[in-house]
file entry-v1.cif (mmCIF, C-alpha atoms)
data_query
#
loop_
_atom_site.group_PDB
_atom_site.id
_atom_site.type_symbol
_atom_site.label_atom_id
_atom_site.label_comp_id
_atom_site.auth_asym_id
_atom_site.auth_seq_id
_atom_site.Cartn_x
_atom_site.Cartn_y
_atom_site.Cartn_z
ATOM 1 C CA MET F 1 155.060 -8.582 175.240
ATOM 2 C CA THR F 2 153.738 -11.547 177.178
ATOM 3 C CA LEU F 3 150.546 -12.424 179.013
ATOM 4 C CA PRO F 4 150.398 -12.348 182.823
ATOM 5 C CA ASP F 5 151.134 -15.580 184.655
ATOM 6 C CA GLY F 6 148.303 -18.066 184.325
ATOM 7 C CA TRP F 7 146.742 -16.354 181.295
ATOM 8 C CA THR F 8 146.354 -18.245 178.016
ATOM 9 C CA THR F 9 145.023 -17.774 174.504
ATOM 10 C CA ARG F 10 142.914 -20.143 172.449
ATOM 11 C CA PRO F 11 140.514 -20.061 169.488
ATOM 12 C CA PRO F 12 136.947 -18.946 170.261
ATOM 13 C CA THR F 13 133.962 -21.275 169.937
ATOM 14 C CA LEU F 14 130.237 -20.724 169.734
ATOM 15 C CA ASP F 15 130.058 -21.615 173.416
ATOM 16 C CA ASP F 16 131.984 -18.391 174.082
ATOM 17 C CA VAL F 17 129.255 -16.133 172.664
ATOM 18 C CA PRO F 18 127.904 -14.959 176.073
ATOM 19 C CA ALA F 19 131.440 -14.246 177.296
ATOM 20 C CA LEU F 20 132.363 -12.441 174.071
ATOM 21 C CA LEU F 21 129.266 -10.253 174.356
ATOM 22 C CA LYS F 22 130.331 -9.293 177.883
ATOM 23 C CA VAL F 23 133.756 -8.291 176.582
ATOM 24 C CA THR F 24 132.547 -6.384 173.522
ATOM 25 C CA HIS F 25 129.753 -4.607 175.376
ATOM 26 C CA ALA F 26 132.041 -3.579 178.228
ATOM 27 C CA SER F 27 134.545 -2.312 175.669
ATOM 28 C CA ASP F 28 131.856 -0.383 173.783
ATOM 29 C CA ILE F 29 130.452 1.207 176.941
ATOM 30 C CA ALA F 30 133.907 2.362 177.979
ATOM 31 C CA ALA F 31 134.632 3.779 174.512
ATOM 32 C CA ILE F 32 131.342 5.294 173.348
ATOM 33 C CA GLY F 33 128.938 5.002 176.268
ATOM 34 C CA TYR F 34 126.685 2.173 175.099
ATOM 35 C CA PRO F 35 126.934 -1.404 173.707
ATOM 36 C CA ASP F 36 127.246 -1.376 169.918
ATOM 37 C CA PHE F 37 127.966 -5.011 169.013
ATOM 38 C CA PRO F 38 124.748 -7.050 168.662
ATOM 39 C CA GLU F 39 124.754 -10.805 169.079
ATOM 40 C CA TYR F 40 123.731 -11.456 165.474
ATOM 41 C CA GLU F 41 126.819 -9.580 164.255
ATOM 42 C CA LEU F 42 129.068 -11.467 166.645
ATOM 43 C CA LEU F 43 127.727 -14.753 165.308
ATOM 44 C CA GLU F 44 128.368 -13.570 161.749
ATOM 45 C CA VAL F 45 131.994 -12.871 162.643
ATOM 46 C CA LEU F 46 132.425 -16.331 164.170
ATOM 47 C CA GLN F 47 130.680 -18.119 161.288
ATOM 48 C CA ALA F 48 131.746 -16.023 158.297
ATOM 49 C CA PRO F 49 132.731 -17.961 155.158
ATOM 50 C CA HIS F 50 136.391 -18.922 154.899
ATOM 51 C CA VAL F 51 137.200 -17.924 158.476
ATOM 52 C CA ASP F 52 139.588 -20.300 160.201
ATOM 53 C CA LEU F 53 138.864 -19.837 163.902
ATOM 54 C CA GLU F 54 141.998 -21.773 164.830
ATOM 55 C CA ARG F 55 144.224 -19.286 163.012
ATOM 56 C CA ASP F 56 142.273 -16.072 162.372
ATOM 57 C CA GLN F 57 140.791 -15.466 165.817
ATOM 58 C CA ALA F 58 141.819 -15.787 169.460
ATOM 59 C CA VAL F 59 140.479 -15.139 172.933
ATOM 60 C CA ALA F 60 142.548 -14.370 176.002
ATOM 61 C CA VAL F 61 141.593 -16.202 179.192
ATOM 62 C CA ASP F 62 142.796 -14.995 182.599
ATOM 63 C CA ALA F 63 144.047 -17.136 185.474
ATOM 64 C CA ASP F 64 140.478 -17.586 186.738
ATOM 65 C CA GLY F 65 139.305 -18.989 183.401
ATOM 66 C CA THR F 66 137.413 -15.833 182.362
ATOM 67 C CA VAL F 67 137.450 -14.702 178.750
ATOM 68 C CA VAL F 68 138.759 -11.125 178.959
ATOM 69 C CA ALA F 69 139.664 -10.284 175.333
ATOM 70 C CA TRP F 70 138.896 -11.293 171.749
ATOM 71 C CA ALA F 71 140.781 -10.624 168.523
ATOM 72 C CA TYR F 72 139.790 -11.400 164.949
ATOM 73 C CA LEU F 73 140.658 -10.583 161.358
ATOM 74 C CA ASP F 74 137.991 -9.034 159.154
ATOM 75 C CA ASN F 75 138.466 -9.377 155.396
ATOM 76 C CA PRO F 76 135.038 -10.097 153.850
ATOM 77 C CA ASN F 77 136.154 -9.296 150.306
ATOM 78 C CA ARG F 78 139.234 -11.533 150.449
ATOM 79 C CA ALA F 79 141.284 -8.515 149.478
ATOM 80 C CA GLN F 80 144.985 -7.913 149.990
ATOM 81 C CA ARG F 81 144.191 -5.835 153.073
ATOM 82 C CA GLU F 82 143.160 -7.137 156.474
ATOM 83 C CA PHE F 83 141.352 -5.346 159.283
ATOM 84 C CA ILE F 84 142.303 -6.248 162.840
ATOM 85 C CA GLU F 85 139.781 -6.009 165.666
ATOM 86 C CA VAL F 86 140.866 -6.435 169.282
ATOM 87 C CA TYR F 87 138.240 -6.130 172.014
ATOM 88 C CA VAL F 88 139.360 -6.175 175.639
ATOM 89 C CA HIS F 89 137.351 -5.870 178.813
ATOM 90 C CA PRO F 90 138.408 -2.411 180.063
ATOM 91 C CA GLU F 91 138.852 -3.595 183.653
ATOM 92 C CA LEU F 92 140.064 -7.144 183.131
ATOM 93 C CA GLY F 93 141.620 -7.596 179.697
ATOM 94 C CA VAL F 94 143.986 -4.694 179.040
ATOM 95 C CA PRO F 95 147.169 -6.790 179.600
ATOM 96 C CA ALA F 96 146.136 -8.938 176.609
ATOM 97 C CA ARG F 97 145.585 -6.082 174.139
ATOM 98 C CA ALA F 98 149.099 -5.611 172.742
ATOM 99 C CA VAL F 99 149.749 -9.370 172.872
ATOM 100 C CA LEU F 100 146.685 -10.126 170.745
ATOM 101 C CA LEU F 101 147.574 -7.332 168.337
ATOM 102 C CA ARG F 102 151.024 -8.878 167.841
ATOM 103 C CA ARG F 103 149.455 -12.292 167.392
ATOM 104 C CA GLN F 104 147.133 -11.004 164.666
ATOM 105 C CA LEU F 105 149.961 -9.225 162.865
ATOM 106 C CA ASP F 106 151.900 -12.500 162.840
ATOM 107 C CA ARG F 107 148.856 -14.230 161.377
ATOM 108 C CA VAL F 108 148.668 -11.633 158.592
ATOM 109 C CA ALA F 109 152.343 -12.295 157.811
ATOM 110 C CA GLU F 110 151.534 -16.005 157.483
ATOM 111 C CA GLU F 111 148.544 -15.239 155.291
ATOM 112 C CA ALA F 112 150.627 -13.058 152.984
ATOM 113 C CA ALA F 113 153.116 -15.876 152.531
ATOM 114 C CA GLU F 114 150.321 -18.365 151.838
ATOM 115 C CA LEU F 115 148.938 -16.065 149.161
ATOM 116 C CA GLY F 116 152.330 -15.615 147.545
ATOM 117 C CA LEU F 117 152.467 -11.902 148.384
ATOM 118 C CA ASP F 118 155.486 -9.921 149.500
ATOM 119 C CA ARG F 119 153.384 -7.959 151.977
ATOM 120 C CA MET F 120 149.831 -7.090 153.004
ATOM 121 C CA SER F 121 148.196 -3.908 154.213
ATOM 122 C CA VAL F 122 146.553 -3.997 157.641
ATOM 123 C CA ARG F 123 144.127 -1.550 159.204
ATOM 124 C CA ALA F 124 142.578 -1.060 162.622
ATOM 125 C CA GLY F 125 140.226 1.512 164.102
ATOM 126 C CA ALA F 126 140.062 3.426 167.382
ATOM 127 C CA VAL F 127 137.597 5.990 168.664
ATOM 128 C CA PRO F 128 139.203 9.103 170.212
ATOM 129 C CA THR F 129 138.553 7.867 173.768
ATOM 130 C CA GLU F 130 140.566 4.674 173.141
ATOM 131 C CA THR F 131 143.910 6.326 173.787
ATOM 132 C CA GLY F 132 145.547 3.149 175.057
ATOM 133 C CA TRP F 133 144.531 1.155 171.981
ATOM 134 C CA ALA F 134 145.617 3.965 169.658
ATOM 135 C CA GLY F 135 148.951 4.025 171.489
ATOM 136 C CA ASP F 136 149.350 0.282 170.985
ATOM 137 C CA LEU F 137 148.672 0.712 167.272
ATOM 138 C CA ARG F 138 151.229 3.481 166.883
ATOM 139 C CA ALA F 139 153.791 1.478 168.871
ATOM 140 C CA ALA F 140 153.190 -1.413 166.460
ATOM 141 C CA GLY F 141 153.958 0.768 163.438
ATOM 142 C CA PHE F 142 150.477 1.930 162.449
ATOM 143 C CA GLY F 143 149.845 5.452 161.174
ATOM 144 C CA PHE F 144 146.639 7.497 160.902
ATOM 145 C CA VAL F 145 144.834 7.206 157.545
ATOM 146 C CA LYS F 146 141.317 8.615 157.784
ATOM 147 C CA ARG F 147 138.242 9.033 159.943
ATOM 148 C CA TYR F 148 134.881 7.300 159.834
ATOM 149 C CA ALA F 149 131.641 8.379 161.479
ATOM 150 C CA ARG F 150 128.771 6.331 162.828
ATOM 151 C CA MET F 151 125.622 8.291 162.036
ATOM 152 C CA SER F 152 122.069 7.863 163.267
ATOM 153 C CA ARG F 153 118.688 9.564 163.450
ATOM 154 C CA PRO F 154 115.604 8.965 165.583
ATOM 155 C CA LEU F 155 112.571 7.473 163.888
ATOM 156 C CA ALA F 156 109.984 8.973 166.227
ATOM 157 C CA GLY F 157 107.342 10.661 164.100
ATOM 158 C CA VAL F 158 108.572 9.102 160.843
ATOM 159 C CA SER F 159 105.644 8.025 158.682
ATOM 160 C CA THR F 160 105.379 4.363 157.820
ATOM 161 C CA THR F 161 104.320 5.498 154.339
ATOM 162 C CA PRO F 162 107.449 6.084 152.239
ATOM 163 C CA PRO F 163 107.909 9.559 150.737
ATOM 164 C CA THR F 164 107.203 10.116 147.051
ATOM 165 C CA PRO F 165 110.432 9.709 145.063
ATOM 166 C CA PRO F 166 111.596 12.279 142.482
ATOM 167 C CA ALA F 167 109.858 12.350 139.116
ATOM 168 C CA GLY F 168 110.871 9.411 136.933
ATOM 169 C CA VAL F 169 112.247 7.430 139.884
ATOM 170 C CA VAL F 170 110.569 4.291 141.219
ATOM 171 C CA VAL F 171 111.654 2.673 144.481
ATOM 172 C CA ARG F 172 110.736 -0.983 144.921
ATOM 173 C CA LEU F 173 111.798 -4.012 146.904
ATOM 174 C CA VAL F 174 114.435 -6.326 145.516
ATOM 175 C CA ASP F 175 113.171 -9.710 144.319
ATOM 176 C CA PRO F 176 115.442 -12.248 146.063
ATOM 177 C CA SER F 177 113.895 -15.095 144.071
ATOM 178 C CA SER F 178 115.138 -13.547 140.822
ATOM 179 C CA ASP F 179 118.772 -14.169 140.012
ATOM 180 C CA ASP F 180 118.588 -11.395 137.421
ATOM 181 C CA ASP F 181 117.346 -8.905 140.013
ATOM 182 C CA MET F 182 119.970 -9.941 142.546
ATOM 183 C CA ARG F 183 122.682 -9.663 139.904
ATOM 184 C CA ALA F 184 121.448 -6.186 138.987
ATOM 185 C CA PHE F 185 121.468 -5.232 142.687
ATOM 186 C CA HIS F 186 125.057 -6.404 143.046
ATOM 187 C CA ARG F 187 126.080 -4.711 139.792
ATOM 188 C CA VAL F 188 124.884 -1.323 141.065
ATOM 189 C CA LEU F 189 126.682 -1.856 144.383
ATOM 190 C CA ASP F 190 129.922 -2.895 142.740
ATOM 191 C CA THR F 191 129.896 -0.177 140.077
ATOM 192 C CA ALA F 192 128.984 2.671 142.416
ATOM 193 C CA PHE F 193 131.470 1.728 145.118
ATOM 194 C CA ARG F 194 134.332 1.747 142.615
ATOM 195 C CA ASP F 195 134.083 5.546 142.875
ATOM 196 C CA THR F 196 134.990 5.417 146.569
ATOM 197 C CA PRO F 197 138.441 5.077 148.155
ATOM 198 C CA ASP F 198 139.701 1.710 149.331
ATOM 199 C CA TYR F 199 136.872 -0.288 147.759
ATOM 200 C CA ASP F 200 137.724 -3.960 147.386
ATOM 201 C CA PRO F 201 135.566 -5.499 144.621
ATOM 202 C CA MET F 202 133.504 -8.532 145.518
ATOM 203 C CA THR F 203 132.281 -10.983 142.914
ATOM 204 C CA TYR F 204 128.585 -11.755 142.666
ATOM 205 C CA GLU F 205 129.208 -15.315 143.781
ATOM 206 C CA HIS F 206 131.156 -14.230 146.859
ATOM 207 C CA TRP F 207 128.504 -11.624 147.694
ATOM 208 C CA ARG F 208 125.763 -14.270 147.546
ATOM 209 C CA GLU F 209 127.909 -16.585 149.647
ATOM 210 C CA ARG F 210 128.209 -13.927 152.347
ATOM 211 C CA ILE F 211 124.461 -13.304 152.289
ATOM 212 C CA ALA F 212 123.772 -17.018 152.642
ATOM 213 C CA ALA F 213 125.968 -17.111 155.749
ATOM 214 C CA LEU F 214 124.041 -14.334 157.541
ATOM 215 C CA GLN F 215 121.952 -15.234 160.561
ATOM 216 C CA SER F 216 118.853 -13.799 158.869
ATOM 217 C CA VAL F 217 118.066 -11.556 155.921
ATOM 218 C CA ALA F 218 115.057 -9.214 155.806
ATOM 219 C CA TYR F 219 114.621 -8.588 152.100
ATOM 220 C CA ASP F 220 111.723 -6.256 152.892
ATOM 221 C CA GLU F 221 114.480 -3.827 153.934
ATOM 222 C CA TRP F 222 116.365 -4.041 150.616
ATOM 223 C CA PHE F 223 115.396 -1.489 147.969
ATOM 224 C CA VAL F 224 116.076 -0.807 144.306
ATOM 225 C CA ALA F 225 115.605 2.624 142.735
ATOM 226 C CA THR F 226 114.991 2.520 138.995
ATOM 227 C CA VAL F 227 115.022 5.214 136.329
ATOM 228 C CA ASP F 228 113.037 4.265 133.243
ATOM 229 C CA GLY F 229 112.922 0.729 134.590
ATOM 230 C CA VAL F 230 116.715 0.419 134.883
ATOM 231 C CA PRO F 231 118.333 0.031 138.351
ATOM 232 C CA ALA F 232 120.159 3.235 139.281
ATOM 233 C CA GLY F 233 120.532 2.889 143.045
ATOM 234 C CA VAL F 234 120.220 0.287 145.799
ATOM 235 C CA LEU F 235 120.010 0.128 149.571
ATOM 236 C CA GLN F 236 120.936 -3.033 151.455
ATOM 237 C CA SER F 237 119.916 -3.199 155.110
ATOM 238 C CA SER F 238 121.420 -5.385 157.778
ATOM 239 C CA ASP F 239 118.593 -7.248 159.474
ATOM 240 C CA GLN F 240 118.832 -6.848 163.216
ATOM 241 C CA GLY F 241 115.658 -8.714 164.144
ATOM 242 C CA THR F 242 112.376 -7.492 165.526
ATOM 243 C CA ASP F 243 113.732 -7.002 169.036
ATOM 244 C CA ASP F 244 116.386 -4.457 168.039
ATOM 245 C CA ASP F 245 115.800 -0.743 168.328
ATOM 246 C CA GLU F 246 117.809 0.269 165.258
ATOM 247 C CA GLY F 247 117.507 -0.256 161.545
ATOM 248 C CA TRP F 248 120.940 -0.434 159.929
ATOM 249 C CA VAL F 249 121.849 0.666 156.414
ATOM 250 C CA ARG F 250 124.710 -1.612 155.423
ATOM 251 C CA TYR F 251 125.167 -0.305 151.863
ATOM 252 C CA LEU F 252 123.727 2.633 149.937
ATOM 253 C CA ALA F 253 124.871 3.048 146.336
ATOM 254 C CA VAL F 254 123.796 5.250 143.436
ATOM 255 C CA LEU F 255 125.384 5.062 140.005
ATOM 256 C CA ARG F 256 127.420 8.127 139.100
ATOM 257 C CA ALA F 257 125.187 9.152 136.188
ATOM 258 C CA HIS F 258 122.161 9.327 138.498
ATOM 259 C CA ARG F 259 123.608 11.135 141.502
ATOM 260 C CA LYS F 260 122.392 14.466 142.848
ATOM 261 C CA ARG F 261 118.808 13.901 141.771
ATOM 262 C CA GLY F 262 117.389 12.677 145.072
ATOM 263 C CA ILE F 263 117.735 8.927 144.560
ATOM 264 C CA GLY F 264 119.847 8.350 147.652
ATOM 265 C CA ALA F 265 117.437 10.345 149.806
ATOM 266 C CA ALA F 266 114.487 8.442 148.323
ATOM 267 C CA LEU F 267 116.085 5.090 149.175
ATOM 268 C CA LEU F 268 116.805 6.247 152.709
ATOM 269 C CA GLY F 269 113.236 7.532 153.061
ATOM 270 C CA HIS F 270 111.849 4.130 152.116
ATOM 271 C CA ALA F 271 114.204 2.378 154.536
ATOM 272 C CA PHE F 272 113.284 4.748 157.379
ATOM 273 C CA ALA F 273 109.573 4.140 156.745
ATOM 274 C CA VAL F 274 110.026 0.361 156.895
ATOM 275 C CA TYR F 275 112.188 0.582 160.013
ATOM 276 C CA ALA F 276 109.572 2.789 161.685
ATOM 277 C CA GLY F 277 106.840 0.336 160.723
ATOM 278 C CA LYS F 278 108.774 -2.401 162.536
ATOM 279 C CA GLY F 279 108.984 -0.319 165.678
ATOM 280 C CA ARG F 280 112.651 0.568 165.367
ATOM 281 C CA LYS F 281 113.587 3.631 167.411
ATOM 282 C CA GLN F 282 116.403 4.851 165.197
ATOM 283 C CA ALA F 283 118.266 4.299 161.934
ATOM 284 C CA GLY F 284 122.037 4.061 161.667
ATOM 285 C CA LEU F 285 124.938 3.635 159.248
ATOM 286 C CA GLY F 286 128.669 4.155 158.935
ATOM 287 C CA VAL F 287 130.343 6.588 156.546
ATOM 288 C CA ASP F 288 133.882 7.311 155.381
ATOM 289 C CA LEU F 289 134.308 11.054 155.939
ATOM 290 C CA SER F 290 136.852 11.195 153.099
ATOM 291 C CA ASN F 291 134.382 9.711 150.596
ATOM 292 C CA PRO F 292 134.515 11.892 147.444
ATOM 293 C CA THR F 293 130.833 11.178 146.708
ATOM 294 C CA GLU F 294 130.002 13.401 149.723
ATOM 295 C CA ALA F 295 127.850 10.720 151.296
ATOM 296 C CA ALA F 296 128.033 12.429 154.703
ATOM 297 C CA ARG F 297 126.308 15.497 153.275
ATOM 298 C CA LEU F 298 123.423 13.338 152.049
ATOM 299 C CA TYR F 299 123.032 11.716 155.455
ATOM 300 C CA LEU F 300 123.001 15.088 157.198
ATOM 301 C CA SER F 301 120.311 16.270 154.779
ATOM 302 C CA VAL F 302 117.963 13.457 155.873
ATOM 303 C CA GLY F 303 118.343 14.234 159.566
ATOM 304 C CA MET F 304 121.255 11.994 160.530
ATOM 305 C CA THR F 305 124.003 13.144 162.884
ATOM 306 C CA ALA F 306 127.295 11.612 163.997
ATOM 307 C CA SER F 307 126.975 9.435 167.115
ATOM 308 C CA TYR F 308 130.731 9.046 167.288
ATOM 309 C CA GLU F 309 133.787 9.047 165.046
ATOM 310 C CA ALA F 310 136.627 6.543 164.692
ATOM 311 C CA ASP F 311 140.154 6.971 163.402
ATOM 312 C CA ILE F 312 141.536 4.385 160.993
ATOM 313 C CA PHE F 313 145.196 3.385 161.257
ATOM 314 C CA GLU F 314 147.250 1.395 158.754
ATOM 315 C CA ARG F 315 150.592 -0.333 158.273
ATOM 316 C CA THR F 316 152.084 -2.960 155.991
ATOM 317 C CA VAL F 317 153.127 -6.413 157.117
ATOM 318 C CA GLU F 318 155.917 -8.300 155.380
ATOM 319 C CA ALA F 319 155.169 -11.884 154.454
ATOM 320 C CA ALA F 320 156.513 -14.492 156.845
ATOM 321 C CA GLY F 321 159.918 -15.744 155.784
ATOM 322 C CA ARG F 322 160.721 -12.670 153.700
#
call {"tool": "encode", "arguments": {"input": "entry-v1.cif", "output": "structure tokens"}}
result
Amino acid sequence: MTLPDGWTTRPPTLDDVPALLKVTHASDIAAIGYPDFPEYELLEVLQAPHVDLERDQAVAVDADGTVVAWAYLDNPNRAQREFIEVYVHPELGVPARAVLLRRQLDRVAEEAAELGLDRMSVRAGAVPTETGWAGDLRAAGFGFVKRYARMSRPLAGVSTTPPTPPAGVVVRLVDPSSDDDMRAFHRVLDTAFRDTPDYDPMTYEHWRERIAALQSVAYDEWFVATVDGVPAGVLQSSDQGTDDDEGWVRYLAVLRAHRKRGIGAALLGHAFAVYAGKGRKQAGLGVDLSNPTEAARLYLSVGMTASYEADIFERTVEAAGR
């Protein structure tokens, strides 16, 4: 498991952004038919809090000096489970794929030892067309766990006036200048997501730290649904800028006691109206198809369909030196 002669690996830098976009977009087009990794998200990965580019990420460079692959670890909640991403240019970077996967697994083993753990769980995802990548994962000891779907809906014809919410429900914008309101927003997120599988809790302070590190935040796309003045549901968008064609729902959460009364649909309706008002052509989100809250059914009910699905694979990694 070695690189071809003349190939090397090194940490990425911000100067690599154009090259990394070429790699990720070529990989996306080969896998799902269109580029799905915007520049703002790539920058967030490179500049995320507590990421050590020297150790947590790597690019592969071919003999001509071209960046042909990129690997990184994704663990925003600082949980005892890592997610490995390896992007390779489908025509140029395939020889680096298994090498970078092995490199990232070794890094997880080091991390486990640094944290004083015996082992860590590691996951990776592959869409059904990525048979080579899925084969590499299985060869490295990964097994299938679950399936996710990327869902979307067109916004053509969507009114820029939000729909009327159910009786007793008020949907409003979050107040980012109010620490109390932001804490309430986070509390709903954290409480509601504890009902879903694999949720890794994130403290309020860490959540705010991640928000502060984002390239931009459009708080006019963040909504709170209240019942009798008390927050019962929230929707957090991921700002993609005025030039993007898609509004992205990063998190949608409704407290258990208030589910199945139209709050989730009301939050989505408000988000769709705002996205449409900004000229976005579609709305999108990702969903765990094994989610016991039946989130996928809600998304189907508001006109969303699956753009593609991705399988999630998992294995454990023993701590280095064990």
call {"tool": "resolve_selection", "arguments": {"input": "entry-v1.cif", "expression": "the PyMOL selection byres ((chain F and resi 45) around 10)", "output": "CSV table (one decimal) with C-alpha atoms, keeping the file's coordinate frame"}}
result
chain,number,residue,atom,x,y,z
F,39,GLU,CA,124.8,-10.8,169.1
F,40,TYR,CA,123.7,-11.5,165.5
F,41,GLU,CA,126.8,-9.6,164.3
F,42,LEU,CA,129.1,-11.5,166.6
F,43,LEU,CA,127.7,-14.8,165.3
F,44,GLU,CA,128.4,-13.6,161.7
F,46,LEU,CA,132.4,-16.3,164.2
F,47,GLN,CA,130.7,-18.1,161.3
F,48,ALA,CA,131.7,-16.0,158.3
F,49,PRO,CA,132.7,-18.0,155.2
F,51,VAL,CA,137.2,-17.9,158.5
F,53,LEU,CA,138.9,-19.8,163.9
F,57,GLN,CA,140.8,-15.5,165.8
F,72,TYR,CA,139.8,-11.4,164.9
F,73,LEU,CA,140.7,-10.6,161.4
F,74,ASP,CA,138.0,-9.0,159.2
F,76,PRO,CA,135.0,-10.1,153.8
F,214,LEU,CA,124.0,-14.3,157.5
call {"tool": "resolve_selection", "arguments": {"input": "entry-v1.cif", "expression": "the PyMOL selection byres ((chain F and resi 163) around 7)", "output": "MDAnalysis selection string"}}
result
chainID F and resid 161:162 164:165 269:270
call {"tool": "axis_aligned_box", "arguments": {"input": "entry-v1.cif", "around": "segment 5-12 of chain F", "padding_each_side": "4 Å", "output": "lines of an AutoDock Vina configuration file"}}
result
center_x = 144.0
center_y = -17.9
center_z = 177.1
size_x = 22.2
size_y = 12.6
size_z = 23.2
call {"tool": "residues_near_point", "arguments": {"input": "entry-v1.cif", "point": "(154.8, -12.2, 163.9)", "cutoff": "12 Å", "atoms": "all atoms listed in the file", "output": "PyMOL selection string"}}
result
chain F and resi 1+99-112+140+317-322
call {"tool": "closest_residue", "arguments": {"input": "entry-v1.cif", "among": "F:Glu209, F:Leu189, F:Asp198, F:Asp52", "to": "Phe223 of chain F", "atoms": "all atoms listed in the file"}}
result
F:Leu189
call {"tool": "closest_residue", "arguments": {"input": "entry-v1.cif", "among": "F:Met202, F:Gln215, F:Ala167, F:Arg250", "to": "Val227 of chain F", "atoms": "only C-alpha atoms"}}
result
F:Ala167
